[in-house]
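Raw query19.txt, compact mmCIF, C-alpha atoms:
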# COMPACT_ATOMS: atom_id res chain seq x y z
CA MET A 1 25.78 12.12 -6.55
CA LYS A 2 22.61 13.39 -8.20
CA THR A 3 20.06 10.86 -9.35
CA VAL A 4 16.90 10.83 -11.45
CA VAL A 5 14.45 8.08 -10.55
CA VAL A 6 12.05 7.12 -13.33
CA PRO A 7 9.42 4.53 -12.41
CA ALA A 8 8.25 2.76 -15.56
CA PHE A 9 5.60 0.19 -16.33
CA GLN A 10 5.04 -0.89 -19.94
CA GLU A 11 6.74 2.23 -21.31
CA GLU A 12 8.97 0.84 -24.06
CA ALA A 13 7.43 3.26 -26.57
CA ARG A 14 7.72 6.52 -24.64
CA LEU A 15 10.68 5.91 -22.36
CA PRO A 16 13.53 6.28 -24.94
CA ALA A 17 12.55 9.85 -25.79
CA VAL A 18 12.42 10.78 -22.10
CA LEU A 19 15.85 9.26 -21.46
CA THR A 20 17.35 10.97 -24.52
CA ALA A 21 16.01 14.32 -23.38
CA LEU A 22 17.31 13.61 -19.88
CA ALA A 23 20.81 12.89 -21.14
CA THR A 24 20.87 16.27 -22.85
CA ALA A 25 19.19 18.30 -20.14
CA ALA A 26 20.83 16.73 -17.10
CA PRO A 27 24.06 15.00 -18.12
CA ASP A 28 25.43 15.17 -14.58
CA PHE A 29 22.55 13.08 -13.20
CA ARG A 30 22.65 9.35 -12.76
CA VAL A 31 19.49 7.91 -14.32
CA VAL A 32 17.76 5.01 -12.60
CA VAL A 33 14.76 3.41 -14.27
CA VAL A 34 12.64 1.22 -12.03
CA ASP A 35 10.94 -1.34 -14.23
CA ASP A 36 7.84 -2.27 -12.29
CA GLY A 37 7.49 -5.78 -13.69
CA SER A 38 6.77 -4.73 -17.28
CA ARG A 39 6.02 -7.47 -19.80
CA ASP A 40 7.38 -5.39 -22.68
CA ALA A 41 10.93 -4.24 -23.39
CA THR A 42 10.90 -1.33 -20.91
CA GLY A 43 13.98 -2.64 -19.10
CA ALA A 44 15.88 -3.30 -22.30
CA VAL A 45 15.26 0.13 -23.85
CA ALA A 46 16.29 1.78 -20.59
CA ARG A 47 19.49 -0.22 -20.45
CA ALA A 48 20.19 0.59 -24.09
CA ALA A 49 19.88 4.29 -23.24
CA GLY A 50 22.53 3.85 -20.56
CA ALA A 51 20.27 3.96 -17.52
CA THR A 52 20.68 1.80 -14.45
CA VAL A 53 17.71 -0.55 -14.40
CA LEU A 54 16.12 -1.91 -11.25
CA ARG A 55 13.58 -4.54 -12.11
CA HIS A 56 10.73 -5.67 -9.87
CA PRO A 57 10.06 -9.40 -10.24
CA PHE A 58 6.36 -8.55 -10.45
CA ASN A 59 4.20 -5.43 -10.63
CA LEU A 60 4.13 -3.65 -7.27
CA GLY A 61 2.61 -0.28 -8.10
CA TYR A 62 3.76 3.25 -8.87
CA GLY A 63 4.55 4.14 -5.24
CA ALA A 64 6.56 0.97 -4.65
CA ALA A 65 8.54 1.59 -7.85
CA LEU A 66 9.43 5.08 -6.68
CA GLN A 67 10.43 3.73 -3.30
CA THR A 68 12.73 1.13 -4.87
CA GLY A 69 14.48 4.03 -6.57
CA TYR A 70 14.78 5.88 -3.25
CA LYS A 71 16.17 2.82 -1.52
CA TRP A 72 18.75 2.33 -4.24
CA ALA A 73 19.70 6.02 -4.17
CA LEU A 74 20.08 6.00 -0.39
CA ARG A 75 22.46 3.06 -0.55
CA ALA A 76 24.36 4.52 -3.49
CA GLY A 77 24.97 7.67 -1.46
CA ALA A 78 22.83 10.04 -3.55
CA THR A 79 22.55 13.54 -2.16
CA LEU A 80 19.74 14.61 -4.45
CA VAL A 81 16.99 12.65 -6.13
CA VAL A 82 14.63 13.94 -8.77
CA GLN A 83 11.70 11.73 -9.63
CA MET A 84 9.88 12.01 -12.92
CA ASP A 85 7.43 9.94 -14.90
CA ALA A 86 8.39 7.74 -17.83
CA ASP A 87 5.47 8.71 -20.04
CA GLY A 88 6.79 12.08 -21.16
CA GLN A 89 4.41 14.06 -18.96
CA HIS A 90 7.34 15.86 -17.34
CA ASP A 91 9.91 17.87 -19.27
CA PRO A 92 13.55 17.00 -18.46
CA ALA A 93 14.48 20.56 -19.49
CA GLU A 94 12.88 21.75 -16.26
CA LEU A 95 14.70 19.31 -14.04
CA ASN A 96 17.54 21.62 -13.03
CA ALA A 97 15.20 24.47 -12.11
CA LEU A 98 13.22 22.09 -9.92
CA ALA A 99 16.33 20.70 -8.26
CA ALA A 100 17.87 24.14 -7.63
CA PRO A 101 16.08 25.00 -4.35
CA VAL A 102 16.98 21.59 -2.90
CA LEU A 103 20.62 21.90 -3.99
CA ALA A 104 20.74 25.39 -2.53
CA GLY A 105 19.41 24.04 0.76
CA GLU A 106 16.26 26.18 0.66
CA LEU A 107 13.91 23.21 0.54
CA ASP A 108 14.07 19.54 1.48
CA LEU A 109 11.37 18.63 -1.01
CA ALA A 110 10.52 20.63 -4.13
CA ILE A 111 7.32 19.76 -5.95
CA GLY A 112 6.90 20.68 -9.60
CA SER A 113 3.49 22.33 -9.78
CA ARG A 114 1.35 22.62 -12.89
CA PHE A 115 -0.67 25.36 -11.33
CA LEU A 116 1.82 28.12 -10.62
CA GLY A 117 1.59 29.90 -13.93
CA ALA A 118 3.83 27.86 -16.18
CA GLY A 119 2.04 26.09 -19.01
CA ASP A 120 -1.70 25.74 -19.32
CA TYR A 121 -2.60 22.36 -17.87
CA GLU A 122 -6.33 21.80 -17.87
CA MET A 123 -8.36 19.65 -15.55
CA GLY A 124 -11.89 18.40 -15.67
CA GLY A 125 -14.44 19.79 -13.23
CA LEU A 126 -14.51 16.81 -10.89
CA GLN A 127 -10.74 16.53 -10.94
CA ARG A 128 -10.44 20.20 -10.06
CA ALA A 129 -12.91 19.84 -7.22
CA GLY A 130 -10.86 16.97 -5.84
CA ARG A 131 -7.65 18.94 -6.09
CA ASN A 132 -9.19 21.92 -4.30
CA PHE A 133 -10.46 19.65 -1.57
CA PHE A 134 -7.06 18.12 -0.95
CA ARG A 135 -5.42 21.53 -1.15
CA ALA A 136 -7.74 22.75 1.58
CA LEU A 137 -7.09 19.63 3.63
CA LEU A 138 -3.32 20.17 3.43
CA SER A 139 -3.57 23.84 4.29
CA ALA A 140 -5.57 22.85 7.37
CA PHE A 141 -2.35 21.15 8.47
CA GLY A 142 -0.35 24.26 7.60
CA LEU A 143 1.02 23.01 4.27
CA ARG A 144 0.43 25.13 1.18
CA VAL A 145 0.67 22.98 -1.93
CA THR A 146 -1.12 23.68 -5.21
CA ASP A 147 -0.31 20.37 -6.92
CA PRO A 148 -0.24 17.52 -4.38
CA THR A 149 -0.51 14.81 -7.04
CA SER A 150 2.53 15.96 -9.02
CA GLY A 151 4.97 13.15 -9.75
CA PHE A 152 7.76 15.61 -10.64
CA GLN A 153 9.69 16.21 -7.42
CA ALA A 154 13.19 16.86 -6.15
CA MET A 155 14.37 15.82 -2.70
CA ASN A 156 17.40 15.52 -0.46
CA ARG A 157 18.51 12.64 1.77
CA ALA A 158 16.36 13.66 4.72
CA VAL A 159 13.27 13.11 2.55
CA LEU A 160 14.71 9.92 1.05
CA GLU A 161 15.17 8.41 4.48
CA LEU A 162 11.55 9.13 5.40
CA TYR A 163 10.27 7.90 2.02
CA ALA A 164 12.25 4.66 2.26
CA SER A 165 10.34 3.73 5.42
CA ASP A 166 7.30 1.47 5.57
CA MET A 167 4.83 4.36 5.72
CA PHE A 168 5.34 4.98 2.00
CA PRO A 169 2.34 3.62 0.05
CA SER A 170 2.61 1.20 -2.87
CA ASP A 171 -0.06 2.83 -4.99
CA PHE A 172 -0.41 6.62 -5.01
CA PRO A 173 1.92 8.57 -2.76
CA ASP A 174 0.24 11.96 -2.80
CA VAL A 175 -1.32 14.07 -0.08
CA ASP A 176 -0.61 11.63 2.75
CA VAL A 177 3.10 11.44 1.99
CA LEU A 178 3.47 15.22 1.67
CA LEU A 179 1.70 15.65 4.97
CA CYS A 180 3.96 13.10 6.58
CA ALA A 181 7.06 14.94 5.31
CA HIS A 182 5.65 18.23 6.53
CA ARG A 183 4.92 16.82 9.97
CA HIS A 184 8.42 15.43 10.21
CA GLY A 185 9.65 18.99 10.01
CA LEU A 186 10.86 18.78 6.40
CA ARG A 187 10.62 21.93 4.29
CA VAL A 188 8.17 21.27 1.46
CA GLY A 189 7.76 23.83 -1.30
CA GLU A 190 6.77 24.20 -4.94
CA ARG A 191 8.25 25.45 -8.16
CA PRO A 192 6.28 26.09 -11.37
CA VAL A 193 6.67 23.49 -14.13
CA ARG A 194 4.92 22.80 -17.39
CA MET A 195 3.27 19.44 -17.75
CA ARG A 196 1.77 17.64 -20.66
CA LYS A 197 -1.32 15.59 -20.19
CA SER A 198 -0.38 12.02 -19.49
CA PRO A 199 -0.88 10.02 -22.67
CA ARG A 200 -2.02 7.07 -20.58
CA ALA A 201 -5.71 6.62 -20.04
CA SER A 202 -5.74 7.39 -16.35
CA THR A 203 -7.11 4.57 -14.28
CA LEU A 204 -7.87 7.06 -11.54
CA HIS A 205 -10.72 8.70 -13.36
CA ALA A 206 -12.99 5.83 -14.17
CA GLY A 207 -15.76 4.03 -12.35
CA LEU A 208 -15.41 3.72 -8.60
CA ALA A 209 -11.69 4.49 -8.65
CA PRO A 210 -12.00 8.21 -7.80
CA ILE A 211 -14.23 7.40 -4.86
CA TYR A 212 -11.76 4.82 -3.60
CA TYR A 213 -8.93 7.29 -4.13
CA VAL A 214 -10.57 9.96 -1.98
CA TYR A 215 -11.51 7.42 0.67
CA LYS A 216 -8.00 5.96 0.76
CA MET A 217 -6.38 9.38 0.88
CA LEU A 218 -8.56 10.53 3.77
CA LEU A 219 -7.77 7.36 5.67
CA ALA A 220 -4.05 7.69 4.93
CA VAL A 221 -4.03 11.36 5.91
CA TRP A 222 -5.73 10.49 9.17
CA ALA A 223 -3.26 7.66 9.80
CA ALA A 224 -0.30 9.88 8.88
CA SER A 225 -1.41 12.64 11.22
CA SER A 226 -2.14 10.37 14.17
CA THR A 227 0.96 8.17 13.75
CA ASP A 228 3.24 11.17 13.82
CA ARG A 229 1.69 12.44 17.00
CA ARG A 230 2.15 9.08 18.67
CA ARG A 231 5.74 8.86 17.52
CA ARG A 232 6.47 12.34 18.79
CA GLU A 233 4.96 11.60 22.18
CA GLY A 234 6.97 8.41 22.38
CA ALA A 235 10.17 10.16 21.49
CA MET B 1 -52.78 -14.88 31.15
CA THR B 2 -51.29 -11.69 29.74
CA SER B 3 -49.47 -11.74 26.48
CA GLU B 4 -46.18 -11.13 28.29
CA GLU B 5 -46.70 -14.19 30.43
CA ARG B 6 -47.62 -16.18 27.36
CA LEU B 7 -44.42 -15.04 25.67
CA GLU B 8 -42.40 -15.99 28.73
CA GLU B 9 -44.01 -19.43 28.73
CA LEU B 10 -43.32 -19.83 25.04
CA ARG B 11 -39.72 -18.87 25.59
CA GLN B 12 -39.42 -21.40 28.36
CA LEU B 13 -40.77 -24.04 25.98
CA PHE B 14 -38.15 -23.12 23.41
CA MET B 15 -35.39 -23.24 25.98
CA GLU B 16 -36.42 -26.54 27.46
CA ALA B 17 -37.14 -28.32 24.22
CA PRO B 18 -34.71 -31.19 24.27
CA GLU B 19 -32.06 -31.03 21.60
CA SER B 20 -32.69 -33.79 19.17
CA ALA B 21 -30.13 -36.53 19.48
CA SER B 22 -29.24 -36.36 15.81
CA THR B 23 -28.23 -32.67 16.07
CA ARG B 24 -25.84 -33.51 18.86
CA VAL B 25 -24.38 -36.42 16.98
CA ILE B 26 -23.88 -34.29 13.89
CA ALA B 27 -22.15 -31.60 15.98
CA ILE B 28 -19.80 -34.09 17.61
CA VAL B 29 -18.99 -35.74 14.29
CA LEU B 30 -18.37 -32.28 12.83
CA SER B 31 -15.92 -31.35 15.56
CA LEU B 32 -14.08 -34.66 15.13
CA LEU B 33 -13.94 -34.07 11.37
CA LEU B 34 -12.54 -30.61 11.96
CA VAL B 35 -9.78 -31.98 14.19
CA ALA B 36 -9.02 -34.68 11.63
CA ALA B 37 -8.92 -32.15 8.79
CA VAL B 38 -6.56 -29.88 10.72
CA LEU B 39 -4.24 -32.77 11.58
CA TRP B 40 -4.26 -34.02 7.99
CA LEU B 41 -3.45 -30.54 6.63
CA VAL B 42 -0.57 -30.18 9.09
CA ARG B 43 0.79 -33.58 8.08
CA ARG B 44 0.62 -32.60 4.43
CA ARG B 45 2.47 -29.35 5.33
CA THR B 46 -0.39 -27.36 3.85
CA LEU B 47 -1.23 -25.75 7.17
CA ARG B 48 1.38 -24.36 9.49
CA GLU B 49 1.25 -25.42 13.14
CA GLU B 50 0.91 -21.86 14.41
CA TYR B 51 -2.40 -21.47 12.58
CA THR B 52 -3.98 -24.56 14.14
CA PRO B 53 -4.75 -23.64 17.79
CA ILE B 54 -7.72 -21.51 16.81
CA TRP B 55 -9.33 -24.37 14.84
CA MET B 56 -8.63 -26.89 17.59
CA ALA B 57 -10.33 -24.51 20.00
CA VAL B 58 -13.32 -24.26 17.67
CA ALA B 59 -13.59 -28.05 17.48
CA LEU B 60 -13.33 -28.29 21.26
CA GLY B 61 -16.01 -25.61 21.65
CA ILE B 62 -18.43 -27.41 19.33
CA ALA B 63 -17.81 -30.70 21.12
CA ALA B 64 -18.27 -29.15 24.56
CA LEU B 65 -21.54 -27.48 23.58
CA SER B 66 -22.99 -30.71 22.20
CA LEU B 67 -21.76 -32.93 25.04
CA VAL B 68 -22.93 -30.58 27.82
CA PRO B 69 -26.36 -29.24 26.74
CA PRO B 70 -26.88 -26.94 29.79
CA LEU B 71 -23.89 -24.95 28.59
CA LEU B 72 -25.71 -23.76 25.50
CA GLY B 73 -28.88 -23.07 27.51
CA TRP B 74 -26.97 -20.93 29.95
CA LEU B 75 -25.24 -19.06 27.11
CA THR B 76 -28.59 -18.50 25.37
CA ARG B 77 -30.08 -16.92 28.51
CA ALA B 78 -26.95 -14.85 29.02
CA VAL B 79 -27.16 -13.23 25.58
CA GLY B 80 -30.96 -13.01 25.69
CA ALA B 81 -31.57 -15.16 22.63
CA TRP B 82 -34.71 -17.25 22.23
CA THR B 83 -33.33 -20.42 20.85
CA PRO B 84 -30.01 -22.17 21.32
CA SER B 85 -29.58 -22.30 17.56
CA SER B 86 -29.65 -18.54 17.21
CA THR B 87 -27.02 -18.33 19.94
CA LEU B 88 -24.87 -20.66 17.90
CA PHE B 89 -25.35 -18.63 14.73
CA PHE B 90 -24.63 -15.41 16.58
CA PHE B 91 -21.33 -16.58 18.02
CA GLY B 92 -20.45 -18.40 14.83
CA GLU B 93 -20.78 -15.25 12.77
CA LEU B 94 -18.95 -13.20 15.35
CA PHE B 95 -16.09 -15.67 15.19
CA LEU B 96 -15.97 -15.63 11.38
CA LEU B 97 -15.92 -11.85 11.35
CA ALA B 98 -13.07 -11.74 13.85
CA ILE B 99 -10.98 -14.32 12.06
CA CYS B 100 -11.48 -12.63 8.67
CA LEU B 101 -10.29 -9.34 10.12
CA ASN B 102 -7.36 -11.14 11.67
CA TYR B 103 -6.42 -12.62 8.31
CA ALA B 104 -6.72 -9.20 6.65
CA VAL B 105 -4.22 -7.90 9.19
CA ARG B 106 -1.87 -10.80 8.53
CA LEU B 107 -2.25 -10.25 4.76
CA SER B 108 -1.34 -6.60 5.16
CA GLY B 109 1.82 -7.60 6.97
CA LEU B 110 2.69 -10.15 4.31
CA THR B 111 2.02 -7.67 1.51
CA LEU B 112 4.47 -5.25 3.09
CA GLN B 113 7.08 -7.96 3.57
CA ILE B 114 6.76 -9.18 -0.01
CA LYS B 115 7.01 -5.64 -1.35
CA ASN B 116 10.12 -4.97 0.72
CA LEU B 117 11.66 -8.26 -0.41
CA ALA B 118 10.97 -7.57 -4.08
CA GLN B 119 12.46 -4.08 -3.75
CA GLU B 120 15.51 -5.45 -1.99
CA LEU B 121 15.90 -7.98 -4.77
CA ALA B 122 15.65 -5.29 -7.46
CA VAL B 123 18.18 -3.07 -5.68
CA LEU B 124 20.61 -5.93 -5.07
CA ARG B 125 20.40 -7.09 -8.66
CA GLY B 126 21.02 -3.54 -9.81
CA GLU B 127 24.07 -3.29 -7.58
CA LEU B 128 25.32 -6.66 -8.73
CA GLU B 129 25.05 -5.75 -12.42
CA GLU B 130 26.86 -2.52 -11.71
CA ALA B 131 29.65 -4.24 -9.82
CA ARG B 132 30.06 -6.74 -12.66
CA ALA B 133 30.13 -3.97 -15.24
CA LEU B 134 32.77 -2.12 -13.21
CA ARG B 135 34.89 -5.22 -13.01
CA GLY B 136 34.63 -5.46 -16.76
CA GLY B 137 35.09 -8.80 -18.47
CA GLU B 138 31.87 -10.53 -17.51
CA ARG B 139 28.88 -9.11 -19.27
CA PRO B 140 25.88 -8.42 -17.07
CA GLU B 141 23.16 -10.96 -17.70
CA ARG B 142 20.34 -10.14 -20.07
Using structure tokens, write down the structure from this file.
Amino acid sequence: MKTVVVPAFQEEARLPAVLTALATAAPDFRVVVVDDGSRDATGAVARAAGATVLRHPFNLGYGAALQTGYKWALRAGATLVVQMDADGQHDPAELNALAAPVLAGELDLAIGSRFLGAGDYEMGGLQRAGRNFFRALLSAFGLRVTDPTSGFQAMNRAVLELYASDMFPSDFPDVDVLLCAHRHGLRVGERPVRMRKSPRASTLHAGLAPIYYVYKMLLAVWAASSTDRRRREGA
Amino acid sequence: MTSEERLEELRQLFMEAPESASTRVIAIVLSLLLVAAVLWLVRRRTLREEYTPIWMAVALGIAALSLVPPLLGWLTRAVGAWTPSSTLFFFGELFLLAICLNYAVRLSGLTLQIKNLAQELAVLRGELEEARALRGGERPER
């Protein structure tokens, strides 16, 4: 079974279009919307579009919503999961191309990258500096990824099992999670995708949030790298 | 008399100054109040038994220090403080720091447990709705 996991929080306006496009572009995929405790009709519009809805009793965060989808997919026996955002940032038409390397067994985890030629996604200066920094950090661990914050990914069960564990963060699963997958011997690669700018005002780019983000990521990367070593030595 | 000797003498004065009786009484009353508060909270089921030993120990510590004055004097010399009161503040703050960190650790564990529970609930409810839909007849709630 192939599954699309769409984490959604307060997305009643944008979600229907995404689900309609999904039904056309990927009719053989089971669509699971994780309603992260929305106070609007997110769950209802998803159900109306024929999606399976998993509803958090309260807001847990983007990462936790993704993980709920993974946990469901694992138990439902999914062999492939594609995750995409509910806000229309990702194009369902590109889903099959992203899933192809995982289905073919070339990759365990395929990340849809904005920065491999497709489309013309633009970033602000500070944002670009941050991305370059994390890129360099990952390549220091031997992982070449151009778009570590991409929420458009395809994965197989090996990745699902790792991502369903307690190491998976509730807020932003980015660099730390990729590094963890890489260090568990999973094959992580990228495919070019087009992305629209997220219509949401990003909470990550205001006030102290970017500073906290970088701090948290560094800490999580350090924890991910040292935990794996300990686990390996114990094994 | 050199200034060092004068300092040493001054320090001795500080150390030997008798604790005022009222301070000791207040400390003992405080420790009794702490014990009473802990017991009352346990009886009301507001505080779980496993969280009480630390506060009982604190009450015991306060009582011991006020009932046996040499104890505090010895401790003050051991840490190189000038006055018994600064020794108390020092250890008091150290204790608060440690217990706050301990609670942050417990909170982290609880956060993870609550997240996992909520996810389990969402997944189970999803599976239940699906099973009901498959069985037909009954409409899934909401």
Within 12 Å of chain B: each chain A residue with its shortest pair, only C-alpha atoms, as JSON lines:
{"residue": "A:Val32", "atom": "CA", "partner": "B:Gly126", "partner_atom": "CA", "distance": 9.6}
{"residue": "A:Val33", "atom": "CA", "partner": "B:Gly126", "partner_atom": "CA", "distance": 10.4}
{"residue": "A:Val34", "atom": "CA", "partner": "B:Ala122", "partner_atom": "CA", "distance": 8.5}
{"residue": "A:Asp35", "atom": "CA", "partner": "B:Ala122", "partner_atom": "CA", "distance": 9.1}
{"residue": "A:Asp36", "atom": "CA", "partner": "B:Ala122", "partner_atom": "CA", "distance": 9.7}
{"residue": "A:Gly37", "atom": "CA", "partner": "B:Ala122", "partner_atom": "CA", "distance": 10.3}
{"residue": "A:Ala41", "atom": "CA", "partner": "B:Arg142", "partner_atom": "CA", "distance": 11.6}
{"residue": "A:Gly43", "atom": "CA", "partner": "B:Arg142", "partner_atom": "CA", "distance": 9.9}
{"residue": "A:Ala44", "atom": "CA", "partner": "B:Arg142", "partner_atom": "CA", "distance": 8.5}
{"residue": "A:Arg47", "atom": "CA", "partner": "B:Arg142", "partner_atom": "CA", "distance": 10.0}
{"residue": "A:Ala48", "atom": "CA", "partner": "B:Arg142", "partner_atom": "CA", "distance": 11.5}
{"residue": "A:Gly50", "atom": "CA", "partner": "B:Glu130", "partner_atom": "CA", "distance": 11.7}
{"residue": "A:Ala51", "atom": "CA", "partner": "B:Gly126", "partner_atom": "CA", "distance": 10.8}
{"residue": "A:Thr52", "atom": "CA", "partner": "B:Gly126", "partner_atom": "CA", "distance": 7.1}
{"residue": "A:Val53", "atom": "CA", "partner": "B:Gly126", "partner_atom": "CA", "distance": 6.4}
{"residue": "A:Leu54", "atom": "CA", "partner": "B:Ala122", "partner_atom": "CA", "distance": 5.1}
{"residue": "A:Arg55", "atom": "CA", "partner": "B:Ala122", "partner_atom": "CA", "distance": 5.1}
{"residue": "A:His56", "atom": "CA", "partner": "B:Ala122", "partner_atom": "CA", "distance": 5.5}
{"residue": "A:Pro57", "atom": "CA", "partner": "B:Ala118", "partner_atom": "CA", "distance": 6.5}
{"residue": "A:Phe58", "atom": "CA", "partner": "B:Ala118", "partner_atom": "CA", "distance": 7.9}
{"residue": "A:Asn59", "atom": "CA", "partner": "B:Ala118", "partner_atom": "CA", "distance": 9.7}
{"residue": "A:Leu60", "atom": "CA", "partner": "B:Lys115", "partner_atom": "CA", "distance": 6.9}
{"residue": "A:Gly61", "atom": "CA", "partner": "B:Lys115", "partner_atom": "CA", "distance": 9.7}
{"residue": "A:Gly63", "atom": "CA", "partner": "B:Lys115", "partner_atom": "CA", "distance": 10.8}
{"residue": "A:Ala64", "atom": "CA", "partner": "B:Lys115", "partner_atom": "CA", "distance": 7.4}
{"residue": "A:Ala65", "atom": "CA", "partner": "B:Gln119", "partner_atom": "CA", "distance": 8.0}
{"residue": "A:Leu66", "atom": "CA", "partner": "B:Gln119", "partner_atom": "CA", "distance": 10.1}
{"residue": "A:Gln67", "atom": "CA", "partner": "B:Gln119", "partner_atom": "CA", "distance": 8.1}
{"residue": "A:Thr68", "atom": "CA", "partner": "B:Gln119", "partner_atom": "CA", "distance": 5.3}
{"residue": "A:Gly69", "atom": "CA", "partner": "B:Val123", "partner_atom": "CA", "distance": 8.1}
{"residue": "A:Tyr70", "atom": "CA", "partner": "B:Val123", "partner_atom": "CA", "distance": 9.9}
{"residue": "A:Lys71", "atom": "CA", "partner": "B:Val123", "partner_atom": "CA", "distance": 7.5}
{"residue": "A:Trp72", "atom": "CA", "partner": "B:Val123", "partner_atom": "CA", "distance": 5.6}
{"residue": "A:Ala73", "atom": "CA", "partner": "B:Val123", "partner_atom": "CA", "distance": 9.3}
{"residue": "A:Leu74", "atom": "CA", "partner": "B:Val123", "partner_atom": "CA", "distance": 10.7}
{"residue": "A:Arg75", "atom": "CA", "partner": "B:Val123", "partner_atom": "CA", "distance": 9.1}
{"residue": "A:Ala76", "atom": "CA", "partner": "B:Glu127", "partner_atom": "CA", "distance": 8.8}
{"residue": "A:Ala164", "atom": "CA", "partner": "B:Asn116", "partner_atom": "CA", "distance": 10.0}
{"residue": "A:Ser165", "atom": "CA", "partner": "B:Asn116", "partner_atom": "CA", "distance": 9.9}
{"residue": "A:Asp166", "atom": "CA", "partner": "B:Leu112", "partner_atom": "CA", "distance": 7.7}
{"residue": "A:Met167", "atom": "CA", "partner": "B:Leu112", "partner_atom": "CA", "distance": 10.0}
{"residue": "A:Phe168", "atom": "CA", "partner": "B:Leu112", "partner_atom": "CA", "distance": 10.3}
{"residue": "A:Pro169", "atom": "CA", "partner": "B:Leu112", "partner_atom": "CA", "distance": 9.6}
{"residue": "A:Ser170", "atom": "CA", "partner": "B:Lys115", "partner_atom": "CA", "distance": 8.3}
{"residue": "A:Asp171", "atom": "CA", "partner": "B:Lys115", "partner_atom": "CA", "distance": 11.6}
Once you have the residues from the selection above, write them out as a PDB file, in the frame of the given file, restricted to C-alpha atoms.
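Writing the result to part.pdb gives the following:
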ATOM      1  CA  VAL A  32      17.760   5.010 -12.600  1.00  0.00           C
ATOM      2  CA  VAL A  33      14.760   3.410 -14.270  1.00  0.00           C
ATOM      3  CA  VAL A  34      12.640   1.220 -12.030  1.00  0.00           C
ATOM      4  CA  ASP A  35      10.940  -1.340 -14.230  1.00  0.00           C
ATOM      5  CA  ASP A  36       7.840  -2.270 -12.290  1.00  0.00           C
ATOM      6  CA  GLY A  37       7.490  -5.780 -13.690  1.00  0.00           C
ATOM      7  CA  ALA A  41      10.930  -4.240 -23.390  1.00  0.00           C
ATOM      8  CA  GLY A  43      13.980  -2.640 -19.100  1.00  0.00           C
ATOM      9  CA  ALA A  44      15.880  -3.300 -22.300  1.00  0.00           C
ATOM     10  CA  ARG A  47      19.490  -0.220 -20.450  1.00  0.00           C
ATOM     11  CA  ALA A  48      20.190   0.590 -24.090  1.00  0.00           C
ATOM     12  CA  GLY A  50      22.530   3.850 -20.560  1.00  0.00           C
ATOM     13  CA  ALA A  51      20.270   3.960 -17.520  1.00  0.00           C
ATOM     14  CA  THR A  52      20.680   1.800 -14.450  1.00  0.00           C
ATOM     15  CA  VAL A  53      17.710  -0.550 -14.400  1.00  0.00           C
ATOM     16  CA  LEU A  54      16.120  -1.910 -11.250  1.00  0.00           C
ATOM     17  CA  ARG A  55      13.580  -4.540 -12.110  1.00  0.00           C
ATOM     18  CA  HIS A  56      10.730  -5.670  -9.870  1.00  0.00           C
ATOM     19  CA  PRO A  57      10.060  -9.400 -10.240  1.00  0.00           C
ATOM     20  CA  PHE A  58       6.360  -8.550 -10.450  1.00  0.00           C
ATOM     21  CA  ASN A  59       4.200  -5.430 -10.630  1.00  0.00           C
ATOM     22  CA  LEU A  60       4.130  -3.650  -7.270  1.00  0.00           C
ATOM     23  CA  GLY A  61       2.610  -0.280  -8.100  1.00  0.00           C
ATOM     24  CA  GLY A  63       4.550   4.140  -5.240  1.00  0.00           C
ATOM     25  CA  ALA A  64       6.560   0.970  -4.650  1.00  0.00           C
ATOM     26  CA  ALA A  65       8.540   1.590  -7.850  1.00  0.00           C
ATOM     27  CA  LEU A  66       9.430   5.080  -6.680  1.00  0.00           C
ATOM     28  CA  GLN A  67      10.430   3.730  -3.300  1.00  0.00           C
ATOM     29  CA  THR A  68      12.730   1.130  -4.870  1.00  0.00           C
ATOM     30  CA  GLY A  69      14.480   4.030  -6.570  1.00  0.00           C
ATOM     31  CA  TYR A  70      14.780   5.880  -3.250  1.00  0.00           C
ATOM     32  CA  LYS A  71      16.170   2.820  -1.520  1.00  0.00           C
ATOM     33  CA  TRP A  72      18.750   2.330  -4.240  1.00  0.00           C
ATOM     34  CA  ALA A  73      19.700   6.020  -4.170  1.00  0.00           C
ATOM     35  CA  LEU A  74      20.080   6.000  -0.390  1.00  0.00           C
ATOM     36  CA  ARG A  75      22.460   3.060  -0.550  1.00  0.00           C
ATOM     37  CA  ALA A  76      24.360   4.520  -3.490  1.00  0.00           C
ATOM     38  CA  ALA A 164      12.250   4.660   2.260  1.00  0.00           C
ATOM     39  CA  SER A 165      10.340   3.730   5.420  1.00  0.00           C
ATOM     40  CA  ASP A 166       7.300   1.470   5.570  1.00  0.00           C
ATOM     41  CA  MET A 167       4.830   4.360   5.720  1.00  0.00           C
ATOM     42  CA  PHE A 168       5.340   4.980   2.000  1.00  0.00           C
ATOM     43  CA  PRO A 169       2.340   3.620   0.050  1.00  0.00           C
ATOM     44  CA  SER A 170       2.610   1.200  -2.870  1.00  0.00           C
ATOM     45  CA  ASP A 171      -0.060   2.830  -4.990  1.00  0.00           C
TER      46      ASP A 171
END
- Close residues, stretch 30-41 of chain B itself excluded, 9 Å, all atoms listed in the file, min 5 positions apart in chain, as a count of residues only: 13
Pairwise distance for atom CA of B:Ser22 and atom CA of B:Thr87, rounded to one decimal in Å: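 About the pair atom CA of B:Ser22 and atom CA of B:Thr87: they are 18.6 Å apart.
For stretch 7-14 of chain B, the list of residues within 12 Å, based on all atoms listed in the file and with local chain neighbours fewer than 2 positions off taken out, reads Met1, Thr2, Ser3, Glu4, Glu5, Glu16, Ala17, Pro18, Glu19, Gly73, Thr76, Arg77, Gly80, Ala81, Trp82, Thr83, Pro84, Ser85 and Ser86 of chain B.
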Checklist entry - Nearest to A:Asp28: which of A:Leu162, A:Met1, A:Leu138, A:Leu98 is it, counting all atoms listed in the file? => result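 Looking at the shortest contact to A:Asp28, the residue is A:Met1.
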